[in-house]
Amino acid sequence: MKDIKMVVSDMDGTLLNSNHKVSSKFFEIFKHLKEQNIQFVAASGRPYYSIVEKLQPIKNEIIIVAENGGLIMEKEELLLSYEFNKNRVKELYTLVTNIEGAYPIFCTKHQAFILRASDDLVKTFSEYYSVYTLIDSFEEITDDIIKIALYHPTNAETNIFPHVKHLKPELNVVVSGNHWVDISEAITNKGNALTFLQEQLGINPSETMVFGDYNNDIEMLKCAKYSYAMANAHPDVKAVATYKTETNDNNGVELVLEALITESCKY
């Protein structure tokens, strides 16, 4: 591990515990990563502003990959973004609003447009999309869409994915959590975002460590020699990752990073 120059972690189910919190232990470990000149990257399906809320103390010291790779930011500077063509969004709006039991959220750089839902559901969505506007029609969407997130109250892989999987490979359609399916442009995934950063920073896969738990992490896990699946990860993720660690509630990321710091300090 002594050659690691970049650590990349997913958020929900990985760095965040089941209460959607980052441990105080991680922030202590981050100080040591910084001392060792190891770049930390938060890579999530969450929007940029939500990731910043979770990592507020270090927001200006890290790189943030948001919306599954649709947006890359560093110190509030835009490094890369991919938006949908407006005509494409209109077609997709018709499709996703007709899937029974699905609740669509249209994600932009600065806010989410949530198709009007119950107060309880909006409260659930606001954990991920804290800046939002409730809408009743397509015409109310005023910003460029980066991603469409589809929520199902019980299981998205069973109840939503079969209705949208035909959009592949023209679009990227991925199950990103038990309740979520995400749709974006084909080029938009965490793997392409990580490859972009590796090229920009001159860091190769053998110098990269990645942590993930769900299918939207698979591409970026393939971009690192040190790829870790959480114990709570989807079976597809465990099949791709080279290594495994403890669950997100048992500080699986922190345990590996502590070993990384110990190893790095020897040299």
# chains A, B, ... in the order shown; residues from 1 in each chain; ligands from 1

$ residues_around --residues "Asn60 of chain A" --least-positions-apart "5" --cutoff "8 Å" --atoms "only C-alpha atoms" --output "JSON, numbers by chain"
{"A": [74, 75, 76]}

$ residues_around --residues "Tyr132 of chain A" --least-positions-apart "4" --cutoff "8 Å" --atoms "only C-alpha atoms" --output "list of chain:residue names"
A:Gln111, A:Ala112, A:Phe113, A:Ile114, A:Ser126

$ write_last_selection --atoms "C-alpha atoms" --output "mmCIF file, in the first residue's frame"
data_model
loop_
_atom_site.group_PDB
_atom_site.id
_atom_site.type_symbol
_atom_site.label_atom_id
_atom_site.label_comp_id
_atom_site.auth_asym_id
_atom_site.auth_seq_id
_atom_site.Cartn_x
_atom_site.Cartn_y
_atom_site.Cartn_z
ATOM 1 C CA GLN A 111 -30.962 21.706 -6.989
ATOM 2 C CA ALA A 112 -33.350 18.813 -7.599
ATOM 3 C CA PHE A 113 -36.785 18.989 -9.178
ATOM 4 C CA ILE A 114 -39.063 16.536 -7.385
ATOM 5 C CA SER A 126 -34.473 15.606 1.292
#

$ closest_residue --among "A:Ala229, A:Glu258, A:Gln36, A:Asn251" --to "Ser18 of chain A" --atoms "only C-alpha atoms"
A:Asn251

$ closest_residue --among "A:His20, A:Arg88, A:Arg46, A:Lys109" --to "Glu170 of chain A" --atoms "only C-alpha atoms"
A:Arg88

$ closest_residue --among "A:Lys190, A:Lys147, A:Lys225, A:His163" --to "Asn204 of chain A" --atoms "only C-alpha atoms"
A:Lys225

$ residues_around --residues "Ser23 of chain A" --least-positions-apart "3" --cutoff "12 Å" --atoms "only C-alpha atoms" --output "list in words"
Met11, Thr14, Leu15, Leu16, Asn17, Ser18, Asn19, His20, Phe26, Phe27, Glu28, Ile29, Phe30, Lys54, Leu55, Asn248, Asp249, Asn250, Asn251, Gly252, Val253, Glu254 and Leu255 of chain A

$ write_last_selection --atoms "N, CA and C atoms" --output "PDB file, in the first residue's frame"
ATOM      1  N   MET A  11     -20.204   7.169  -0.825  1.00  0.00           N
ATOM      2  CA  MET A  11     -20.752   7.730   0.407  1.00  0.00           C
ATOM      3  C   MET A  11     -21.757   6.775   1.067  1.00  0.00           C
ATOM      4  N   THR A  14     -21.179   3.131   2.428  1.00  0.00           N
ATOM      5  CA  THR A  14     -19.717   2.957   2.397  1.00  0.00           C
ATOM      6  C   THR A  14     -19.061   3.841   3.452  1.00  0.00           C
ATOM      7  N   LEU A  15     -18.867   5.112   3.157  1.00  0.00           N
ATOM      8  CA  LEU A  15     -18.284   6.022   4.147  1.00  0.00           C
ATOM      9  C   LEU A  15     -19.319   6.468   5.173  1.00  0.00           C
ATOM     10  N   LEU A  16     -20.576   6.588   4.748  1.00  0.00           N
ATOM     11  CA  LEU A  16     -21.647   6.962   5.675  1.00  0.00           C
ATOM     12  C   LEU A  16     -22.203   5.721   6.366  1.00  0.00           C
ATOM     13  N   ASN A  17     -22.527   5.846   7.660  1.00  0.00           N
ATOM     14  CA  ASN A  17     -23.159   4.731   8.359  1.00  0.00           C
ATOM     15  C   ASN A  17     -24.656   4.709   8.049  1.00  0.00           C
ATOM     16  N   SER A  18     -25.390   3.827   8.696  1.00  0.00           N
ATOM     17  CA  SER A  18     -26.813   3.677   8.388  1.00  0.00           C
ATOM     18  C   SER A  18     -27.642   4.898   8.780  1.00  0.00           C
ATOM     19  N   ASN A  19     -27.053   5.769   9.605  1.00  0.00           N
ATOM     20  CA  ASN A  19     -27.707   7.018   9.978  1.00  0.00           C
ATOM     21  C   ASN A  19     -27.272   8.170   9.072  1.00  0.00           C
ATOM     22  N   HIS A  20     -26.594   7.830   7.969  1.00  0.00           N
ATOM     23  CA  HIS A  20     -26.133   8.811   6.974  1.00  0.00           C
ATOM     24  C   HIS A  20     -25.115   9.789   7.563  1.00  0.00           C
ATOM     25  N   PHE A  26     -13.081   9.081  10.841  1.00  0.00           N
ATOM     26  CA  PHE A  26     -12.646   9.362   9.472  1.00  0.00           C
ATOM     27  C   PHE A  26     -11.952  10.717   9.383  1.00  0.00           C
ATOM     28  N   PHE A  27     -12.507  11.729  10.024  1.00  0.00           N
ATOM     29  CA  PHE A  27     -11.919  13.068   9.935  1.00  0.00           C
ATOM     30  C   PHE A  27     -10.512  13.095  10.549  1.00  0.00           C
ATOM     31  N   GLU A  28     -10.296  12.275  11.582  1.00  0.00           N
ATOM     32  CA  GLU A  28      -8.951  12.156  12.159  1.00  0.00           C
ATOM     33  C   GLU A  28      -8.003  11.483  11.167  1.00  0.00           C
ATOM     34  N   ILE A  29      -8.485  10.424  10.535  1.00  0.00           N
ATOM     35  CA  ILE A  29      -7.674   9.704   9.544  1.00  0.00           C
ATOM     36  C   ILE A  29      -7.357  10.603   8.359  1.00  0.00           C
ATOM     37  N   PHE A  30      -8.315  11.443   7.977  1.00  0.00           N
ATOM     38  CA  PHE A  30      -8.095  12.337   6.845  1.00  0.00           C
ATOM     39  C   PHE A  30      -6.873  13.232   7.062  1.00  0.00           C
ATOM     40  N   LYS A  54     -22.164  16.718   4.089  1.00  0.00           N
ATOM     41  CA  LYS A  54     -21.646  15.597   4.877  1.00  0.00           C
ATOM     42  C   LYS A  54     -20.164  15.756   5.209  1.00  0.00           C
ATOM     43  N   LEU A  55     -19.423  16.423   4.334  1.00  0.00           N
ATOM     44  CA  LEU A  55     -17.969  16.540   4.502  1.00  0.00           C
ATOM     45  C   LEU A  55     -17.545  18.003   4.674  1.00  0.00           C
ATOM     46  N   ASN A 248     -20.267  -0.703   6.554  1.00  0.00           N
ATOM     47  CA  ASN A 248     -20.207   0.749   6.788  1.00  0.00           C
ATOM     48  C   ASN A 248     -20.495   1.100   8.243  1.00  0.00           C
ATOM     49  N   ASP A 249     -21.276   0.280   8.954  1.00  0.00           N
ATOM     50  CA  ASP A 249     -21.560   0.548  10.363  1.00  0.00           C
ATOM     51  C   ASP A 249     -20.429   0.083  11.280  1.00  0.00           C
ATOM     52  N   ASN A 250     -19.516  -0.694  10.741  1.00  0.00           N
ATOM     53  CA  ASN A 250     -18.348  -1.151  11.513  1.00  0.00           C
ATOM     54  C   ASN A 250     -17.056  -0.497  11.030  1.00  0.00           C
ATOM     55  N   ASN A 251     -17.197   0.698  10.434  1.00  0.00           N
ATOM     56  CA  ASN A 251     -16.026   1.492  10.020  1.00  0.00           C
ATOM     57  C   ASN A 251     -15.115   0.750   9.052  1.00  0.00           C
ATOM     58  N   GLY A 252     -15.726   0.088   8.069  1.00  0.00           N
ATOM     59  CA  GLY A 252     -14.934  -0.684   7.116  1.00  0.00           C
ATOM     60  C   GLY A 252     -13.909   0.139   6.356  1.00  0.00           C
ATOM     61  N   VAL A 253     -14.287   1.361   5.952  1.00  0.00           N
ATOM     62  CA  VAL A 253     -13.346   2.232   5.231  1.00  0.00           C
ATOM     63  C   VAL A 253     -12.205   2.649   6.159  1.00  0.00           C
ATOM     64  N   GLU A 254     -12.560   3.066   7.356  1.00  0.00           N
ATOM     65  CA  GLU A 254     -11.559   3.560   8.306  1.00  0.00           C
ATOM     66  C   GLU A 254     -10.540   2.484   8.684  1.00  0.00           C
ATOM     67  N   LEU A 255     -10.995   1.248   8.810  1.00  0.00           N
ATOM     68  CA  LEU A 255     -10.077   0.156   9.171  1.00  0.00           C
ATOM     69  C   LEU A 255      -8.978  -0.010   8.117  1.00  0.00           C
TER      70      LEU A 255
END

$ residues_around --residues "Arg116 of chain A" --least-positions-apart "5" --cutoff "9 Å" --atoms "only C-alpha atoms" --output "list in words"
Tyr103, Val122, Leu134, Ile135 and Asp136 of chain A

$ write_last_selection --atoms "N, CA and C atoms" --output "mmCIF file, in the first residue's frame"
data_model
loop_
_atom_site.group_PDB
_atom_site.id
_atom_site.type_symbol
_atom_site.label_atom_id
_atom_site.label_comp_id
_atom_site.auth_asym_id
_atom_site.auth_seq_id
_atom_site.Cartn_x
_atom_site.Cartn_y
_atom_site.Cartn_z
ATOM 1 N N TYR A 103 -40.916 7.142 -8.200
ATOM 2 C CA TYR A 103 -40.945 8.579 -7.937
ATOM 3 C C TYR A 103 -39.683 9.209 -8.528
ATOM 4 N N VAL A 122 -41.141 13.266 0.452
ATOM 5 C CA VAL A 122 -40.284 14.437 0.246
ATOM 6 C C VAL A 122 -39.261 14.525 1.381
ATOM 7 N N LEU A 134 -40.490 21.436 -5.748
ATOM 8 C CA LEU A 134 -41.552 20.503 -6.109
ATOM 9 C C LEU A 134 -42.215 20.969 -7.404
ATOM 10 N N ILE A 135 -42.432 20.042 -8.318
ATOM 11 C CA ILE A 135 -43.030 20.394 -9.613
ATOM 12 C C ILE A 135 -44.233 19.506 -9.912
ATOM 13 N N ASP A 136 -45.062 19.977 -10.835
ATOM 14 C CA ASP A 136 -46.214 19.206 -11.297
ATOM 15 C C ASP A 136 -46.139 18.885 -12.775
#

$ select_by_dssp --residues "segment 28-265 of chain A" --states "helix (DSSP H, G or I)" --output "number ranges by chain"
A: 28-35, 48-54, 56-58, 67-69, 86-96, 119-126, 138-140, 156-159, 161-167, 190-201, 205-207, 215-221, 235-240, 248-250, 252-264

$ closest_residue --among "A:Leu79, A:Leu197, A:Ala233, A:Ala117" --to "Met220 of chain A" --atoms "only C-alpha atoms"
A:Leu197

$ residues_around --residues "Gly177 of chain A" --least-positions-apart "4" --cutoff "8 Å" --atoms "only C-alpha atoms" --output "VMD selection string"
chain A and resid 156 181 214 to 215

$ atom_distance --atom1 "atom CA of Asp144 of chain A" --atom2 "atom CA of Asn87 of chain A"
11.2 Å

$ closest_atom_pairs --of "segment 9-60 of chain A" --to "segment 66-73 of chain A" --cutoff "10 Å" --atoms "only C-alpha atoms" --output "tab-separated table"
residue	atom	partner	partner_atom	distance
A:Asp10	CA	A:Asn68	CA	9.6
A:Val41	CA	A:Ile72	CA	9.9
A:Ala42	CA	A:Ala66	CA	8.0
A:Ala43	CA	A:Ala66	CA	6.0
A:Ser44	CA	A:Ala66	CA	5.2
A:Gly45	CA	A:Glu67	CA	4.3
A:Arg46	CA	A:Glu67	CA	5.4
A:Pro47	CA	A:Ala66	CA	5.2
A:Tyr48	CA	A:Ala66	CA	5.1
A:Tyr49	CA	A:Ala66	CA	8.8
A:Ser50	CA	A:Ala66	CA	9.0
A:Ile51	CA	A:Ala66	CA	7.6
A:Val52	CA	A:Ala66	CA	10.0
A:Asn60	CA	A:Met73	CA	9.9

$ write_last_selection --atoms "C-alpha atoms" --output "PDB file, in the first residue's frame"
ATOM      1  CA  ASP A  10     -18.499   6.089  -2.197  1.00  0.00           C
ATOM      2  CA  VAL A  41     -12.039  11.831  -3.466  1.00  0.00           C
ATOM      3  CA  ALA A  42     -15.682  11.464  -2.419  1.00  0.00           C
ATOM      4  CA  ALA A  43     -17.592   9.778  -5.260  1.00  0.00           C
ATOM      5  CA  SER A  44     -21.334   9.467  -4.877  1.00  0.00           C
ATOM      6  CA  GLY A  45     -24.681   9.349  -6.598  1.00  0.00           C
ATOM      7  CA  ARG A  46     -25.611  12.215  -4.294  1.00  0.00           C
ATOM      8  CA  PRO A  47     -25.634  15.774  -5.592  1.00  0.00           C
ATOM      9  CA  TYR A  48     -22.649  18.035  -4.971  1.00  0.00           C
ATOM     10  CA  TYR A  49     -24.331  20.176  -2.299  1.00  0.00           C
ATOM     11  CA  SER A  50     -25.333  17.071  -0.310  1.00  0.00           C
ATOM     12  CA  ILE A  51     -21.796  15.671  -0.306  1.00  0.00           C
ATOM     13  CA  VAL A  52     -20.497  19.062   0.844  1.00  0.00           C
ATOM     14  CA  ASN A  60     -12.061  22.555   0.323  1.00  0.00           C
TER      15      ASN A  60
END

$ closest_residue --among "A:Met209, A:Val173, A:Leu167, A:Val8" --to "Leu260 of chain A" --atoms "only C-alpha atoms"
A:Met209

$ select_by_dssp --residues "segment 16-254 of chain A" --states "strand (DSSP E)" --output "PyMOL selection string"
chain A and resi 39-43+63-66+71-74+77-81+103-107+112-115+132-135+147-151+171-177+180-185+208-212+226-230+243-245

$ atom_distance --atom1 "atom CA of Val65 of chain A" --atom2 "atom CA of Leu78 of chain A"
10.4 Å

$ decode --residues "segment 170-200 of chain A" --atoms "N, CA, C and O atoms" --output "mmCIF file, in the first residue's frame"
data_model
loop_
_atom_site.group_PDB
_atom_site.id
_atom_site.type_symbol
_atom_site.label_atom_id
_atom_site.label_comp_id
_atom_site.auth_asym_id
_atom_site.auth_seq_id
_atom_site.Cartn_x
_atom_site.Cartn_y
_atom_site.Cartn_z
ATOM 1 N N GLU A 170 -27.377 3.044 -24.795
ATOM 2 C CA GLU A 170 -27.429 4.433 -25.249
ATOM 3 C C GLU A 170 -27.349 5.399 -24.068
ATOM 4 O O GLU A 170 -26.821 6.506 -24.183
ATOM 5 N N LEU A 171 -27.874 4.957 -22.925
ATOM 6 C CA LEU A 171 -27.783 5.731 -21.690
ATOM 7 C C LEU A 171 -27.202 4.854 -20.595
ATOM 8 O O LEU A 171 -27.206 3.617 -20.698
ATOM 9 N N ASN A 172 -26.702 5.482 -19.542
ATOM 10 C CA ASN A 172 -26.233 4.725 -18.387
ATOM 11 C C ASN A 172 -27.411 4.547 -17.426
ATOM 12 O O ASN A 172 -27.973 5.523 -16.922
ATOM 13 N N VAL A 173 -27.811 3.311 -17.206
ATOM 14 C CA VAL A 173 -28.918 2.995 -16.302
ATOM 15 C C VAL A 173 -28.372 2.036 -15.252
ATOM 16 O O VAL A 173 -27.915 0.941 -15.581
ATOM 17 N N VAL A 174 -28.414 2.456 -13.980
ATOM 18 C CA VAL A 174 -27.746 1.665 -12.952
ATOM 19 C C VAL A 174 -28.570 1.637 -11.668
ATOM 20 O O VAL A 174 -29.195 2.625 -11.288
ATOM 21 N N VAL A 175 -28.593 0.465 -11.023
ATOM 22 C CA VAL A 175 -29.191 0.346 -9.699
ATOM 23 C C VAL A 175 -28.158 0.873 -8.705
ATOM 24 O O VAL A 175 -27.086 0.302 -8.548
ATOM 25 N N SER A 176 -28.475 1.988 -8.048
ATOM 26 C CA SER A 176 -27.486 2.643 -7.192
ATOM 27 C C SER A 176 -27.746 2.457 -5.703
ATOM 28 O O SER A 176 -26.991 2.946 -4.861
ATOM 29 N N GLY A 177 -28.824 1.755 -5.365
ATOM 30 C CA GLY A 177 -29.161 1.467 -3.975
ATOM 31 C C GLY A 177 -30.408 0.622 -3.942
ATOM 32 O O GLY A 177 -31.054 0.400 -4.979
ATOM 33 N N ASN A 178 -30.779 0.152 -2.772
ATOM 34 C CA ASN A 178 -31.961 -0.697 -2.669
ATOM 35 C C ASN A 178 -33.208 -0.002 -3.213
ATOM 36 O O ASN A 178 -34.065 -0.635 -3.847
ATOM 37 N N HIS A 179 -33.291 1.315 -2.998
ATOM 38 C CA HIS A 179 -34.479 2.059 -3.407
ATOM 39 C C HIS A 179 -34.286 2.875 -4.691
ATOM 40 O O HIS A 179 -35.214 3.545 -5.120
ATOM 41 N N TRP A 180 -33.090 2.834 -5.284
ATOM 42 C CA TRP A 180 -32.766 3.807 -6.331
ATOM 43 C C TRP A 180 -32.278 3.189 -7.637
ATOM 44 O O TRP A 180 -31.485 2.253 -7.635
ATOM 45 N N VAL A 181 -32.750 3.757 -8.743
ATOM 46 C CA VAL A 181 -32.187 3.530 -10.075
ATOM 47 C C VAL A 181 -31.858 4.906 -10.648
ATOM 48 O O VAL A 181 -32.668 5.835 -10.549
ATOM 49 N N ASP A 182 -30.665 5.052 -11.227
ATOM 50 C CA ASP A 182 -30.235 6.326 -11.792
ATOM 51 C C ASP A 182 -30.065 6.227 -13.301
ATOM 52 O O ASP A 182 -29.550 5.230 -13.811
ATOM 53 N N ILE A 183 -30.470 7.272 -14.001
ATOM 54 C CA ILE A 183 -30.324 7.352 -15.457
ATOM 55 C C ILE A 183 -29.516 8.603 -15.797
ATOM 56 O O ILE A 183 -29.803 9.690 -15.293
ATOM 57 N N SER A 184 -28.516 8.434 -16.656
ATOM 58 C CA SER A 184 -27.697 9.569 -17.085
ATOM 59 C C SER A 184 -27.144 9.288 -18.478
ATOM 60 O O SER A 184 -27.387 8.220 -19.043
ATOM 61 N N GLU A 185 -26.399 10.242 -19.010
ATOM 62 C CA GLU A 185 -25.762 10.019 -20.310
ATOM 63 C C GLU A 185 -24.816 8.824 -20.227
ATOM 64 O O GLU A 185 -24.270 8.523 -19.163
ATOM 65 N N ALA A 186 -24.608 8.153 -21.343
ATOM 66 C CA ALA A 186 -23.826 6.908 -21.356
ATOM 67 C C ALA A 186 -22.421 7.084 -20.795
ATOM 68 O O ALA A 186 -21.880 6.198 -20.135
ATOM 69 N N ILE A 187 -21.836 8.242 -21.030
ATOM 70 C CA ILE A 187 -20.459 8.486 -20.592
ATOM 71 C C ILE A 187 -20.366 8.720 -19.084
ATOM 72 O O ILE A 187 -19.280 8.672 -18.496
ATOM 73 N N THR A 188 -21.516 8.951 -18.470
ATOM 74 C CA THR A 188 -21.542 9.330 -17.056
ATOM 75 C C THR A 188 -21.502 8.114 -16.147
ATOM 76 O O THR A 188 -22.492 7.404 -16.002
ATOM 77 N N ASN A 189 -20.355 7.850 -15.567
ATOM 78 C CA ASN A 189 -20.239 6.870 -14.489
ATOM 79 C C ASN A 189 -19.011 7.204 -13.658
ATOM 80 O O ASN A 189 -18.150 7.986 -14.075
ATOM 81 N N LYS A 190 -18.931 6.637 -12.481
ATOM 82 C CA LYS A 190 -17.828 6.959 -11.574
ATOM 83 C C LYS A 190 -16.484 6.491 -12.117
ATOM 84 O O LYS A 190 -15.451 7.085 -11.809
ATOM 85 N N GLY A 191 -16.494 5.443 -12.928
ATOM 86 C CA GLY A 191 -15.249 4.949 -13.507
ATOM 87 C C GLY A 191 -14.640 5.956 -14.469
ATOM 88 O O GLY A 191 -13.432 6.223 -14.425
ATOM 89 N N ASN A 192 -15.461 6.525 -15.355
ATOM 90 C CA ASN A 192 -14.956 7.534 -16.285
ATOM 91 C C ASN A 192 -14.494 8.781 -15.541
ATOM 92 O O ASN A 192 -13.506 9.421 -15.928
ATOM 93 N N ALA A 193 -15.202 9.133 -14.466
ATOM 94 C CA ALA A 193 -14.796 10.278 -13.655
ATOM 95 C C ALA A 193 -13.447 10.026 -13.003
ATOM 96 O O ALA A 193 -12.565 10.894 -12.986
ATOM 97 N N LEU A 194 -13.264 8.810 -12.477
ATOM 98 C CA LEU A 194 -11.994 8.477 -11.836
ATOM 99 C C LEU A 194 -10.859 8.439 -12.854
ATOM 100 O O LEU A 194 -9.750 8.926 -12.578
ATOM 101 N N THR A 195 -11.113 7.886 -14.023
ATOM 102 C CA THR A 195 -10.086 7.863 -15.075
ATOM 103 C C THR A 195 -9.668 9.287 -15.443
ATOM 104 O O THR A 195 -8.481 9.575 -15.627
ATOM 105 N N PHE A 196 -10.635 10.188 -15.533
ATOM 106 C CA PHE A 196 -10.346 11.606 -15.807
ATOM 107 C C PHE A 196 -9.415 12.180 -14.734
ATOM 108 O O PHE A 196 -8.415 12.845 -15.048
ATOM 109 N N LEU A 197 -9.719 11.903 -13.473
ATOM 110 C CA LEU A 197 -8.904 12.436 -12.382
ATOM 111 C C LEU A 197 -7.503 11.809 -12.374
ATOM 112 O O LEU A 197 -6.505 12.501 -12.126
ATOM 113 N N GLN A 198 -7.438 10.510 -12.637
ATOM 114 C CA GLN A 198 -6.125 9.853 -12.691
ATOM 115 C C GLN A 198 -5.239 10.490 -13.763
ATOM 116 O O GLN A 198 -4.051 10.730 -13.542
ATOM 117 N N GLU A 199 -5.833 10.766 -14.910
ATOM 118 C CA GLU A 199 -5.071 11.396 -16.000
ATOM 119 C C GLU A 199 -4.657 12.816 -15.634
ATOM 120 O O GLU A 199 -3.531 13.237 -15.897
ATOM 121 N N GLN A 200 -5.562 13.564 -15.012
ATOM 122 C CA GLN A 200 -5.273 14.945 -14.635
ATOM 123 C C GLN A 200 -4.183 15.036 -13.571
ATOM 124 O O GLN A 200 -3.354 15.948 -13.592
#
